[in-house]
$ cat query.pdb   # PDB, N, CA and C atoms
ATOM      1  N   MET A  18      69.601 121.313  65.585
ATOM      2  CA  MET A  18      71.023 121.253  65.834
ATOM      3  C   MET A  18      71.625 120.194  64.918
ATOM      4  N   PRO A  19      72.478 120.592  64.001
ATOM      5  CA  PRO A  19      73.069 119.618  63.088
ATOM      6  C   PRO A  19      74.071 118.730  63.821
ATOM      7  N   VAL A  20      74.094 117.478  63.428
ATOM      8  CA  VAL A  20      75.005 116.520  64.044
ATOM      9  C   VAL A  20      76.163 116.286  63.093
ATOM     10  N   GLY A  21      77.372 116.446  63.578
ATOM     11  CA  GLY A  21      78.572 116.251  62.765
ATOM     12  C   GLY A  21      78.948 114.784  62.719
ATOM     13  N   LYS A  22      80.252 114.540  62.679
ATOM     14  CA  LYS A  22      80.755 113.174  62.639
ATOM     15  C   LYS A  22      80.299 112.409  63.875
ATOM     16  N   LYS A  23      80.200 111.090  63.702
ATOM     17  CA  LYS A  23      79.774 110.229  64.798
ATOM     18  C   LYS A  23      80.680 110.452  66.006
ATOM     19  N   GLY A  24      80.066 110.685  67.136
ATOM     20  CA  GLY A  24      80.808 110.853  68.374
ATOM     21  C   GLY A  24      81.376 112.233  68.592
ATOM     22  N   GLU A  25      81.175 113.141  67.646
ATOM     23  CA  GLU A  25      81.749 114.476  67.776
ATOM     24  C   GLU A  25      81.187 115.216  68.978
ATOM     25  N   LYS A  26      79.924 114.917  69.292
ATOM     26  CA  LYS A  26      79.312 115.629  70.412
ATOM     27  C   LYS A  26      79.722 115.054  71.769
ATOM     28  N   TYR A  27      80.416 113.935  71.742
ATOM     29  CA  TYR A  27      80.881 113.338  72.991
ATOM     30  C   TYR A  27      82.341 113.683  73.211
ATOM     31  N   MET A  28      82.671 113.852  74.463
ATOM     32  CA  MET A  28      84.050 114.155  74.799
ATOM     33  C   MET A  28      84.935 112.947  74.478
ATOM     34  N   LYS A  29      86.056 113.201  73.842
ATOM     35  CA  LYS A  29      86.965 112.105  73.532
ATOM     36  C   LYS A  29      87.607 111.634  74.824
ATOM     37  N   LEU A  30      87.633 110.322  75.003
ATOM     38  CA  LEU A  30      88.278 109.759  76.185
ATOM     39  C   LEU A  30      89.770 109.640  75.938
ATOM     40  N   LYS A  31      90.533 110.245  76.827
ATOM     41  CA  LYS A  31      91.976 110.177  76.711
ATOM     42  C   LYS A  31      92.463 108.885  77.350
ATOM     43  N   LYS A  32      93.419 108.260  76.713
ATOM     44  CA  LYS A  32      94.034 107.075  77.296
ATOM     45  C   LYS A  32      94.942 107.536  78.434
ATOM     46  N   SER A  33      94.859 106.850  79.534
ATOM     47  CA  SER A  33      95.663 107.211  80.694
ATOM     48  C   SER A  33      97.148 107.003  80.412
ATOM     49  N   ARG A  34      97.930 107.935  80.887
ATOM     50  CA  ARG A  34      99.385 107.809  80.769
ATOM     51  C   ARG A  34      99.939 107.005  81.936
ATOM     52  N   ILE A  35      99.084 106.711  82.913
ATOM     53  CA  ILE A  35      99.484 105.894  84.057
ATOM     54  C   ILE A  35      99.223 104.440  83.669
ATOM     55  N   PRO A  36     100.260 103.621  83.622
ATOM     56  CA  PRO A  36     100.068 102.236  83.184
ATOM     57  C   PRO A  36      99.296 101.401  84.200
ATOM     58  N   LYS A  37      98.790 100.268  83.736
ATOM     59  CA  LYS A  37      98.168  99.291  84.646
ATOM     60  C   LYS A  37      99.314  98.479  85.240
ATOM     61  N   PHE A  38      99.314  98.324  86.553
ATOM     62  CA  PHE A  38     100.413  97.640  87.226
ATOM     63  C   PHE A  38     100.016  96.212  87.586
ATOM     64  N   LYS A  39     100.971  95.304  87.473
ATOM     65  CA  LYS A  39     100.731  93.906  87.823
ATOM     66  C   LYS A  39     101.002  93.651  89.300
ATOM     67  N   THR A  40     101.913  94.427  89.879
ATOM     68  CA  THR A  40     102.273  94.235  91.289
ATOM     69  C   THR A  40     102.441  95.593  91.968
ATOM     70  N   TYR A  41     102.403  95.588  93.281
ATOM     71  CA  TYR A  41     102.656  96.816  94.034
ATOM     72  C   TYR A  41     104.104  97.263  93.834
ATOM     73  N   ALA A  42     105.010  96.288  93.695
ATOM     74  CA  ALA A  42     106.415  96.632  93.489
ATOM     75  C   ALA A  42     106.589  97.374  92.163
ATOM     76  N   GLU A  43     105.888  96.915  91.133
ATOM     77  CA  GLU A  43     105.948  97.576  89.830
ATOM     78  C   GLU A  43     105.395  99.002  89.926
ATOM     79  N   GLU A  44     104.304  99.157  90.658
ATOM     80  CA  GLU A  44     103.715 100.486  90.833
ATOM     81  C   GLU A  44     104.647 101.389  91.629
ATOM     82  N   ALA A  45     105.239 100.841  92.693
ATOM     83  CA  ALA A  45     106.163 101.629  93.516
ATOM     84  C   ALA A  45     107.357 102.093  92.682
ATOM     85  N   SER A  46     107.859 101.204  91.843
ATOM     86  CA  SER A  46     108.982 101.556  90.977
ATOM     87  C   SER A  46     108.608 102.693  90.022
ATOM     88  N   PHE A  47     107.399 102.635  89.476
ATOM     89  CA  PHE A  47     106.930 103.694  88.578
ATOM     90  C   PHE A  47     106.891 105.030  89.304
ATOM     91  N   TRP A  48     106.287 105.062  90.498
ATOM     92  CA  TRP A  48     106.140 106.335  91.209
ATOM     93  C   TRP A  48     107.459 106.818  91.796
ATOM     94  N   ASP A  49     108.432 105.924  91.951
ATOM     95  CA  ASP A  49     109.765 106.356  92.375
ATOM     96  C   ASP A  49     110.447 107.177  91.291
ATOM     97  N   THR A  50     110.014 106.993  90.045
ATOM     98  CA  THR A  50     110.678 107.672  88.936
ATOM     99  C   THR A  50     109.763 108.678  88.222
ATOM    100  N   HIS A  51     108.564 108.895  88.738
ATOM    101  CA  HIS A  51     107.629 109.838  88.133
ATOM    102  C   HIS A  51     107.050 110.764  89.203
ATOM    103  N   ASP A  52     106.641 111.930  88.802
ATOM    104  CA  ASP A  52     106.075 112.919  89.716
ATOM    105  C   ASP A  52     104.557 112.966  89.521
ATOM    106  N   ILE A  53     103.811 112.788  90.590
ATOM    107  CA  ILE A  53     102.345 112.778  90.518
ATOM    108  C   ILE A  53     101.796 114.064  89.919
ATOM    109  N   THR A  54     102.512 115.160  90.103
ATOM    110  CA  THR A  54     102.007 116.433  89.558
ATOM    111  C   THR A  54     101.993 116.432  88.035
ATOM    112  N   ASP A  55     102.742 115.525  87.408
ATOM    113  CA  ASP A  55     102.701 115.403  85.953
ATOM    114  C   ASP A  55     101.421 114.716  85.473
ATOM    115  N   PHE A  56     100.646 114.174  86.419
ATOM    116  CA  PHE A  56      99.442 113.424  86.077
ATOM    117  C   PHE A  56      98.193 114.017  86.721
ATOM    118  N   GLU A  57      98.278 115.276  87.158
ATOM    119  CA  GLU A  57      97.141 115.898  87.852
ATOM    120  C   GLU A  57      95.859 115.880  87.035
ATOM    121  N   ASP A  58      95.988 115.941  85.727
ATOM    122  CA  ASP A  58      94.787 115.934  84.885
ATOM    123  C   ASP A  58      94.102 114.565  84.876
ATOM    124  N   GLU A  59      94.763 113.550  85.424
ATOM    125  CA  GLU A  59      94.200 112.203  85.469
ATOM    126  C   GLU A  59      93.796 111.785  86.878
ATOM    127  N   THR A  60      93.874 112.707  87.808
ATOM    128  CA  THR A  60      93.532 112.373  89.187
ATOM    129  C   THR A  60      92.212 113.025  89.564
ATOM    130  N   GLU A  61      91.656 112.576  90.665
ATOM    131  CA  GLU A  61      90.419 113.173  91.157
ATOM    132  C   GLU A  61      90.520 113.355  92.662
ATOM    133  N   ASP A  62      89.816 114.327  93.171
ATOM    134  CA  ASP A  62      89.820 114.588  94.597
ATOM    135  C   ASP A  62      89.082 113.470  95.325
ATOM    136  N   VAL A  63      89.578 113.105  96.484
ATOM    137  CA  VAL A  63      88.905 112.129  97.338
ATOM    138  C   VAL A  63      88.828 112.691  98.745
ATOM    139  N   GLU A  64      87.867 112.232  99.483
ATOM    140  CA  GLU A  64      87.721 112.673 100.861
ATOM    141  C   GLU A  64      88.425 111.672 101.766
ATOM    142  N   ILE A  65      89.282 112.171 102.628
ATOM    143  CA  ILE A  65      89.992 111.323 103.575
ATOM    144  C   ILE A  65      89.546 111.707 104.976
ATOM    145  N   VAL A  66      89.174 110.715 105.757
ATOM    146  CA  VAL A  66      88.718 110.955 107.123
ATOM    147  C   VAL A  66      89.743 110.359 108.079
ATOM    148  N   PHE A  67      90.255 111.173 108.966
ATOM    149  CA  PHE A  67      91.175 110.712 109.997
ATOM    150  C   PHE A  67      90.415 110.612 111.307
ATOM    151  N   GLU A  68      90.476 109.453 111.917
ATOM    152  CA  GLU A  68      89.816 109.269 113.204
ATOM    153  C   GLU A  68      90.854 109.454 114.307
ATOM    154  N   LEU A  69      91.125 110.710 114.627
ATOM    155  CA  LEU A  69      92.183 111.020 115.582
ATOM    156  C   LEU A  69      91.837 110.597 117.003
ATOM    157  N   ASN A  70      90.565 110.554 117.316
ATOM    158  CA  ASN A  70      90.174 110.200 118.672
ATOM    159  C   ASN A  70      89.891 108.710 118.831
ATOM    160  N   LYS A  71      90.110 107.955 117.770
ATOM    161  CA  LYS A  71      89.869 106.514 117.825
ATOM    162  C   LYS A  71      90.850 105.885 118.817
ATOM    163  N   PRO A  72      90.339 105.142 119.776
ATOM    164  CA  PRO A  72      91.244 104.530 120.758
ATOM    165  C   PRO A  72      92.136 103.486 120.093
ATOM    166  N   ARG A  73      93.374 103.491 120.469
ATOM    167  CA  ARG A  73      94.347 102.539 119.931
ATOM    168  C   ARG A  73      94.501 101.381 120.898
ATOM    169  N   ASP A  74      94.884 100.240 120.339
ATOM    170  CA  ASP A  74      95.234  99.114 121.188
ATOM    171  C   ASP A  74      96.573  99.413 121.844
ATOM    172  N   GLU A  75      97.007  98.534 122.671
ATOM    173  CA  GLU A  75      98.287  98.707 123.347
ATOM    174  C   GLU A  75      99.422  98.736 122.325
ATOM    175  N   THR A  76     100.494  99.383 122.672
ATOM    176  CA  THR A  76     101.658  99.494 121.810
ATOM    177  C   THR A  76     102.838  98.797 122.466
ATOM    178  N   ILE A  77     103.620  98.100 121.656
ATOM    179  CA  ILE A  77     104.875  97.530 122.153
ATOM    180  C   ILE A  77     106.001  98.048 121.277
ATOM    181  N   VAL A  78     107.173  98.109 121.851
ATOM    182  CA  VAL A  78     108.351  98.491 121.098
ATOM    183  C   VAL A  78     109.152  97.222 120.877
ATOM    184  N   LEU A  79     109.471  96.954 119.633
ATOM    185  CA  LEU A  79     110.218  95.754 119.289
ATOM    186  C   LEU A  79     111.462  96.180 118.530
ATOM    187  N   ARG A  80     112.609  95.871 119.080
ATOM    188  CA  ARG A  80     113.857  96.268 118.426
ATOM    189  C   ARG A  80     114.398  95.089 117.623
ATOM    190  N   VAL A  81     114.739  95.353 116.365
ATOM    191  CA  VAL A  81     115.340  94.342 115.496
ATOM    192  C   VAL A  81     116.504  94.974 114.756
ATOM    193  N   GLN A  82     117.343  94.128 114.192
ATOM    194  CA  GLN A  82     118.468  94.633 113.408
ATOM    195  C   GLN A  82     117.924  95.357 112.180
ATOM    196  N   LYS A  83     118.699  96.331 111.726
ATOM    197  CA  LYS A  83     118.298  97.145 110.577
ATOM    198  C   LYS A  83     117.987  96.276 109.356
ATOM    199  N   GLU A  84     118.821  95.257 109.115
ATOM    200  CA  GLU A  84     118.632  94.389 107.952
ATOM    201  C   GLU A  84     117.306  93.620 108.048
ATOM    202  N   VAL A  85     116.950  93.199 109.248
ATOM    203  CA  VAL A  85     115.690  92.475 109.454
ATOM    204  C   VAL A  85     114.517  93.402 109.160
ATOM    205  N   LYS A  86     114.593  94.622 109.682
ATOM    206  CA  LYS A  86     113.523  95.592 109.432
ATOM    207  C   LYS A  86     113.383  95.883 107.941
ATOM    208  N   GLU A  87     114.500  96.057 107.253
ATOM    209  CA  GLU A  87     114.459  96.348 105.817
ATOM    210  C   GLU A  87     113.842  95.194 105.030
ATOM    211  N   LYS A  88     114.193  93.965 105.399
ATOM    212  CA  LYS A  88     113.627  92.793 104.714
ATOM    213  C   LYS A  88     112.134  92.675 104.988
ATOM    214  N   LEU A  89     111.745  92.900 106.242
ATOM    215  CA  LEU A  89     110.319  92.871 106.593
ATOM    216  C   LEU A  89     109.546  93.924 105.808
ATOM    217  N   ASP A  90     110.103  95.129 105.754
ATOM    218  CA  ASP A  90     109.441  96.218 105.052
ATOM    219  C   ASP A  90     109.311  95.908 103.560
ATOM    220  N   LYS A  91     110.359  95.377 102.969
ATOM    221  CA  LYS A  91     110.335  95.035 101.545
ATOM    222  C   LYS A  91     109.282  93.966 101.275
ATOM    223  N   PHE A  92     109.239  92.941 102.130
ATOM    224  CA  PHE A  92     108.245  91.872 101.949
ATOM    225  C   PHE A  92     106.837  92.414 102.130
ATOM    226  N   ALA A  93     106.655  93.252 103.142
ATOM    227  CA  ALA A  93     105.331  93.835 103.400
ATOM    228  C   ALA A  93     104.850  94.622 102.188
ATOM    229  N   ARG A  94     105.687  95.480 101.664
ATOM    230  CA  ARG A  94     105.301  96.307 100.505
ATOM    231  C   ARG A  94     104.989  95.451  99.280
ATOM    232  N   SER A  95     105.767  94.372  99.087
ATOM    233  CA  SER A  95     105.502  93.500  97.932
ATOM    234  C   SER A  95     104.178  92.755  98.101
ATOM    235  N   SER A  96     103.698  92.695  99.341
ATOM    236  CA  SER A  96     102.418  92.053  99.629
ATOM    237  C   SER A  96     101.278  93.062  99.717
ATOM    238  N   GLY A  97     101.594  94.336  99.504
ATOM    239  CA  GLY A  97     100.568  95.371  99.558
ATOM    240  C   GLY A  97     100.213  95.782 100.973
ATOM    241  N   LEU A  98     101.103  95.535 101.904
ATOM    242  CA  LEU A  98     100.859  95.872 103.311
ATOM    243  C   LEU A  98     101.930  96.848 103.788
ATOM    244  N   ASN A  99     101.683  97.415 104.969
ATOM    245  CA  ASN A  99     102.763  98.192 105.564
ATOM    246  C   ASN A  99     103.454  97.322 106.606
ATOM    247  N   LEU A 100     104.604  97.752 107.040
ATOM    248  CA  LEU A 100     105.430  96.973 107.965
ATOM    249  C   LEU A 100     104.675  96.610 109.234
ATOM    250  N   SER A 101     103.971  97.557 109.798
ATOM    251  CA  SER A 101     103.253  97.338 111.047
ATOM    252  C   SER A 101     102.171  96.269 110.885
ATOM    253  N   THR A 102     101.409  96.348 109.802
ATOM    254  CA  THR A 102     100.324  95.389 109.577
ATOM    255  C   THR A 102     100.878  93.985 109.393
ATOM    256  N   LEU A 103     101.903  93.836 108.559
ATOM    257  CA  LEU A 103     102.493  92.519 108.344
ATOM    258  C   LEU A 103     103.047  91.955 109.653
ATOM    259  N   SER A 104     103.752  92.759 110.414
ATOM    260  CA  SER A 104     104.327  92.308 111.682
ATOM    261  C   SER A 104     103.236  91.853 112.647
ATOM    262  N   ARG A 105     102.163  92.636 112.718
ATOM    263  CA  ARG A 105     101.046  92.285 113.609
ATOM    264  C   ARG A 105     100.395  90.972 113.168
ATOM    265  N   MET A 106     100.214  90.799 111.848
ATOM    266  CA  MET A 106      99.614  89.565 111.327
ATOM    267  C   MET A 106     100.477  88.359 111.672
ATOM    268  N   TRP A 107     101.780  88.464 111.433
ATOM    269  CA  TRP A 107     102.674  87.349 111.701
ATOM    270  C   TRP A 107     102.752  87.045 113.197
ATOM    271  N   LEU A 108     102.757  88.073 114.007
ATOM    272  CA  LEU A 108     102.792  87.877 115.449
ATOM    273  C   LEU A 108     101.537  87.130 115.918
ATOM    274  N   MET A 109     100.381  87.538 115.412
ATOM    275  CA  MET A 109      99.123  86.873 115.785
ATOM    276  C   MET A 109      99.098  85.417 115.300
ATOM    277  N   GLU A 110      99.574  85.180 114.071
ATOM    278  CA  GLU A 110      99.622  83.811 113.541
ATOM    279  C   GLU A 110     100.498  82.921 114.409
ATOM    280  N   LYS A 111     101.671  83.418 114.759
ATOM    281  CA  LYS A 111     102.605  82.636 115.575
ATOM    282  C   LYS A 111     102.046  82.417 116.979
ATOM    283  N   LEU A 112     101.409  83.424 117.532
ATOM    284  CA  LEU A 112     100.800  83.298 118.850
ATOM    285  C   LEU A 112      99.707  82.224 118.831
ATOM    286  N   GLN A 113      98.821  82.285 117.834
ATOM    287  CA  GLN A 113      97.743  81.294 117.737
ATOM    288  C   GLN A 113      98.306  79.884 117.582
ATOM    289  N   GLU A 114      99.334  79.751 116.757
ATOM    290  CA  GLU A 114      99.987  78.445 116.544
ATOM    291  C   GLU A 114     100.536  77.884 117.850
ATOM    292  N   ASN A 115     101.218  78.732 118.612
ATOM    293  CA  ASN A 115     101.801  78.277 119.882
ATOM    294  C   ASN A 115     100.753  78.042 120.954
ATOM    295  N   LEU A 116      99.677  78.817 120.954
ATOM    296  CA  LEU A 116      98.603  78.577 121.914
ATOM    297  C   LEU A 116      97.918  77.254 121.642
ATOM    298  N   ARG A 117      97.754  76.907 120.358
ATOM    299  CA  ARG A 117      97.150  75.597 120.003
ATOM    300  C   ARG A 117      98.051  74.464 120.460
ATOM    301  N   LYS A 118      99.353  74.586 120.220
ATOM    302  CA  LYS A 118     100.308  73.550 120.625
ATOM    303  C   LYS A 118     100.308  73.382 122.130
ATOM    304  N   ALA A 119     100.250  74.502 122.850
ATOM    305  CA  ALA A 119     100.299  74.463 124.310
ATOM    306  C   ALA A 119      98.922  74.173 124.908
ATOM    307  N   LYS A 120      97.893  74.177 124.038
ATOM    308  CA  LYS A 120      96.505  73.958 124.471
ATOM    309  C   LYS A 120      96.093  74.934 125.565
ATOM    310  N   ILE A 121      96.418  76.177 125.339
ATOM    311  CA  ILE A 121      96.073  77.241 126.300
ATOM    312  C   ILE A 121      94.798  77.904 125.855
TER     313      ILE A 121
END
$ encode --input "query.pdb" --output "structure tokens"
Amino acid sequence: MPVGKKGEKYMKLKKSRIPKFKTYAEEASFWDTHDITDFEDETEDVEIVFELNKPRDETIVLRVQKEVKEKLDKFARSSGLNLSTLSRMWLMEKLQENLRKAKI
């Protein structure tokens, strides 16, 4: 089998058209203005497992002003978290802080 130019027998690696992002906000901004279907040739299938029968902890309903929710959500996303996770983390931090102060 004759060998042609160096590397000819290897598949050429295409440079990704999806940029490297420095922050989640930068990535979110990119995907707000681009359609994932334009990049299907650069994606791969993944297996996602949903644990529907997984028992959940207790749920509380917390009402806040719309502006507060929007600010929380924006901060959470800039930190790579979702609103619920950030809220739960902050609630636990504040609870632990107050329990230490109260020596409970």
$ atom_distance --input "query.pdb" --atom1 "atom CA of Asp55 of chain A" --atom2 "atom CA of Ile35 of chain A"
10.2 Å
$ residues_around --input "query.pdb" --residues "Arg34 of chain A" --least-positions-apart "6" --cutoff "12 Å" --atoms "only C-alpha atoms" --output "list in words"
Phe47, His51, Ile53, Asp55, Phe56, Glu57, Asp58, Glu59 and Thr60 of chain A
$ atom_distance --input "query.pdb" --atom1 "atom CA of Thr40 of chain A" --atom2 "atom C of Ala93 of chain A"
11.2 Å
$ atom_distance --input "query.pdb" --atom1 "atom CA of Leu112 of chain A" --atom2 "atom C of Leu79 of chain A"
16.7 Å
